[in-house]
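Asks: Just passing along the structure, written as structure tokens.
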Amino acid sequence: MPPTVQKDALAALYLCMARIRAFENAAEILSQGGVSAYNKTADGSAKVRGPLHLSTGQEAVAAGVCAHLTSSDYLTSTHRGHGHTLAKGADLSRMMCELYGKATGFNGGKGGSMHIADFSVGMLGANGVVAAGLPIAVGAAHAQKLQGRSDITVCFFGDGATNRGPFLEALNWAQVHQLPVLFVCEDNRWSATTASGPMIAGPGASARSESLGIAAHPVDGNDVVAVYEKADELVKTIRAGHGPRFLHARTYRVKGHVSVDLAAYRDPREVEEALKNDPIHNARRALLARGSTDAACDQMDQQAQAEVQAAMQAANLAPWPDVSAAYTDIQTTGEGQWF
């Protein structure tokens with residue numbers, strides 16, 4: 001049978017994944033203050049400050065799902081939100097500026113890695129609280145339904161979030177009100193520094209979704225073609241007004257919990273096996289099978305690297321926030337009323 005995802009579409013997915021990988025590889029080194037191809041003039045100081053949570057190894061999920069979204073569709077993310085944000089169409093340079101803490105970042109340098117948001121492309125925000133994006137997504141989807149819009153909301157979360165209260169609350173509300181939301185569980189097998197499997201009772205995430213009447217669809221999260229095809233089916237179903245759906249993408253996070261975590265608690269053989277199933281390598285093989293060439297794939301890799309280099313240059317030159325910015329974008333409790 002001929003491939004269902006043609007070469008041009010797969011090439012776009014590959015470039016998206018390469019862009020995410022290049023960005024996170026650079027940000028990882030920048031957060032450590034080390035010297036690399038991305039940071040040749042490093043002086044040992046970290047240009048990216050604060051916790052940096054990487055999604056290395058999970059790129060196929062972000063790329064395969066977001067390929068079916070428009071800028072008016074909404075998306076909520078996790079503390080590993082770089083890939084989702086880029087796949088949704090956010091500007092790479094502005095995101096790098098945000099990680100640097102510069103004034104030209106998406107959030108004026110205040111949000112950093114864990115709180116990136118870009119409403120112009122429907123990215124409602126990364127979130128440092130596990131499972132906190134779920135009720136936000138449901139609220140956004142409810143607003144879309146009340147407004148009679150054809151847009152949908154996509155909610156990314158990890159397998160660790162399924163043990164949190166907001167998971168069941170959000171799925172229940174979405175099903176009761178038949179909301180246009182796609183729940184995407186990035187089952188990467190780790191909850192911070194703890195293996196998820198022994199901590200999740202019962203058959204797992206899909207069964208919990210099915211128990212609430214929301215159809216669950218397992219997929220190989222390291223196969224971008226499989227993710228793309230299944231997401232296409234589910235997004236069309238949701239847009240047609242048939243209520244929420246659940247995509248259970250089984251993948252693997254190859255890096256530690258944060259960029260300075262060496263993950264020594266993992267069995268090296270587990271990581272070694274996971275690296276053999278790298279989603280970008282898988283996508284390259286699929287491209288070659290469709291008539292592409294290694295040279296064409298290398299060119300896309302180089303394009304992604306060049307984009308990251310340009311983003312770093314922009315972030316290096318970008319201005320720092322003015323001191324007065326510290327007093328904006330904050331919640332007021334009523335000036336003087338407590339005195």
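Chain labels A, B, ... are given in the sequence in which chains occur in the structure tokens; within each chain residues are numbered consecutively from 1, and ligands are likewise numbered from 1 in the order shown.
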Using only C-alpha atoms, which residues sit within 10 Å of range 249-251 of chain A once same-chain residues fewer than 6 positions away are excluded, as a ChimeraX atom specification?

Replies: /A:57-61,158-159,184-189,206,217-223,226-227,274,277-279

Asks: In range 195-304 of chain A, what's strand (DSSP E or B) per DSSP? Answer as a VMD selection string?

Replies: chain A and resid 195 216 to 220 245 to 250

Asks: Can you work out which one of A:Ala205, A:Val129, A:Leu287, A:Leu212 has the shortest atom-to-atom distance to Val225 in chain A, counting only C-alpha atoms?

Replies: A:Leu287

Asks: Neighbouring residues of Asp151 in chain A were defined as those with any atom within 7 Å, considering only C-alpha atoms; residues of the same chain fewer than 6 positions away were excluded. Please report them as a list in words.

Replies: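 The filter keeps Ser72, Asp73, Gln144 and Arg239 of chain A.
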
Asks: For Thr162 in chain A, please output as a list in words all residues within 9 Å (counting only C-alpha atoms; exclusion window: fewer than 6 positions along the same chain).

Replies: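 Using only C-alpha atoms, the neighbours found are Ala131, Leu168, Cys185, Ile200, Gly204, Ala205 and Arg208 of chain A.
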
Asks: Counting only C-alpha atoms, figure out which residue out of A:Ala63, A:Ile214, A:Val258, A:Ala26 gets nearest to Leu13 in chain A.

Replies: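 The shortest atom-to-atom distance to Leu13 in chain A comes from A:Ala63.
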
Asks: Would you give me, as a count of residues only, the residues in range 214-308 of chain A that DSSP reads as helix (DSSP H, G or I)?

Replies: 50

Asks: May I ask for the distance between CA of Val260 in chain A and CA of Gly111 in chain A, given in Å to one decimal place?

Replies: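 Straight-line distance from CA of Val260 in chain A to CA of Gly111 in chain A works out to 19.6 Å.
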
Asks: One decimal, in Å: what's the spacing between CA of Gly64 in chain A and CA of Ala315 in chain A?

Replies: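 Pair CA of Gly64 in chain A / CA of Ala315 in chain A returns 28.3 Å.
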
Asks: From the options A:Asn127, A:Val154, A:Cys16, A:Asn25, which residue's atoms come nearest to Ala87 in chain A, counting only C-alpha atoms?

Replies: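 Looking only at the distances to Ala87 in chain A, the closest residue turns out to be A:Cys16.
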
Asks: Would you pick out the contacts of Ala215 in chain A at 9 Å or less, using only C-alpha atoms, so that residues sharing its chain but fewer than 6 positions from it are not included, and give the list as a PDB file with N, CA and C atoms, in the first residue's frame?

Replies:
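As written to disk, around.pdb reads:
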ATOM      1  N   SER A 206      -5.437   5.269  29.425  1.00  0.00           N
ATOM      2  CA  SER A 206      -6.547   5.043  28.485  1.00  0.00           C
ATOM      3  C   SER A 206      -7.779   4.491  29.189  1.00  0.00           C
ATOM      4  N   SER A 209      -9.667   7.163  31.001  1.00  0.00           N
ATOM      5  CA  SER A 209     -10.472   7.969  30.084  1.00  0.00           C
ATOM      6  C   SER A 209     -11.732   7.222  29.660  1.00  0.00           C
ATOM      7  N   PRO A 244     -15.254  15.275  23.378  1.00  0.00           N
ATOM      8  CA  PRO A 244     -13.821  15.108  23.609  1.00  0.00           C
ATOM      9  C   PRO A 244     -13.309  13.745  23.171  1.00  0.00           C
ATOM     10  N   ARG A 245     -12.005  13.705  22.926  1.00  0.00           N
ATOM     11  CA  ARG A 245     -11.313  12.464  22.615  1.00  0.00           C
ATOM     12  C   ARG A 245      -9.992  12.441  23.384  1.00  0.00           C
ATOM     13  N   PHE A 246      -9.409  11.246  23.486  1.00  0.00           N
ATOM     14  CA  PHE A 246      -8.204  11.044  24.291  1.00  0.00           C
ATOM     15  C   PHE A 246      -7.159  10.327  23.444  1.00  0.00           C
ATOM     16  N   LEU A 247      -5.999  10.946  23.272  1.00  0.00           N
ATOM     17  CA  LEU A 247      -4.890  10.344  22.534  1.00  0.00           C
ATOM     18  C   LEU A 247      -3.809   9.947  23.533  1.00  0.00           C
TER      19      LEU A 247
END

Asks: Would you mind telling me which residue in A:Ala67, A:Ala9, A:Ile238, A:Val308 lies nearest to Gln175 in chain A when using only C-alpha atoms?

Replies: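 Answer, going by the shortest atom-to-atom distance: A:Ile238.
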
Asks: For Thr4 in chain A, please output as a list in words all residues within 12 Å (counting only C-alpha atoms; exclusion window: fewer than 2 positions along the same chain).

Replies: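 Residues meeting the cut-off are Met1, Pro2, Gln6, Lys7, Asp8, Ala9, Leu10, Val225, Ala226, Tyr228, Glu229, Lys230, Asp232, Ala286 and Arg290 of chain A.
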
Asks: Quick one: write out the picked residues with N, CA and C atoms as a short mmCIF file (atom, residue, chain, number, x, y, z; two decimals), in the first residue's frame?

Replies:
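Produced file again38.cif, reproduced below:
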data_model
loop_
_atom_site.label_atom_id
_atom_site.label_comp_id
_atom_site.auth_asym_id
_atom_site.auth_seq_id
_atom_site.Cartn_x
_atom_site.Cartn_y
_atom_site.Cartn_z
N MET A 1 0.84 -1.20 0.00
CA MET A 1 0.00 0.00 0.00
C MET A 1 0.88 1.25 0.00
N PRO A 2 0.48 2.30 -0.73
CA PRO A 2 1.26 3.54 -0.73
C PRO A 2 1.16 4.22 0.64
N GLN A 6 2.28 11.76 2.67
CA GLN A 6 3.19 11.93 1.55
C GLN A 6 4.48 12.64 1.98
N LYS A 7 5.45 12.62 1.07
CA LYS A 7 6.80 13.08 1.39
C LYS A 7 6.84 14.53 1.86
N ASP A 8 6.11 15.42 1.19
CA ASP A 8 6.16 16.84 1.56
C ASP A 8 5.62 17.06 2.97
N ALA A 9 4.51 16.39 3.30
CA ALA A 9 3.93 16.54 4.63
C ALA A 9 4.87 15.97 5.69
N LEU A 10 5.49 14.84 5.39
CA LEU A 10 6.41 14.24 6.34
C LEU A 10 7.66 15.09 6.50
N VAL A 225 4.38 9.57 11.95
CA VAL A 225 3.32 9.28 10.97
C VAL A 225 2.08 8.75 11.68
N ALA A 226 2.29 7.83 12.62
CA ALA A 226 1.17 7.27 13.36
C ALA A 226 0.46 8.35 14.17
N TYR A 228 0.46 11.61 13.58
CA TYR A 228 -0.16 12.53 12.63
C TYR A 228 -1.49 11.98 12.12
N GLU A 229 -1.51 10.72 11.74
CA GLU A 229 -2.72 10.11 11.20
C GLU A 229 -3.82 10.01 12.24
N LYS A 230 -3.47 9.57 13.44
CA LYS A 230 -4.49 9.43 14.47
C LYS A 230 -5.00 10.79 14.93
N ASP A 232 -5.16 13.46 13.16
CA ASP A 232 -6.01 13.96 12.08
C ASP A 232 -7.44 13.44 12.25
N ALA A 286 11.49 6.98 7.49
CA ALA A 286 10.22 7.05 6.76
C ALA A 286 10.34 7.97 5.54
N ARG A 290 10.14 7.17 1.30
CA ARG A 290 9.24 7.88 0.40
C ARG A 290 10.01 8.58 -0.72
#

Asks: Would you please work out which residue, of A:Pro51, A:Arg19, A:Pro180, A:Ala240, is nearest to Ser93 in chain A when using only C-alpha atoms?

Replies: A:Arg19
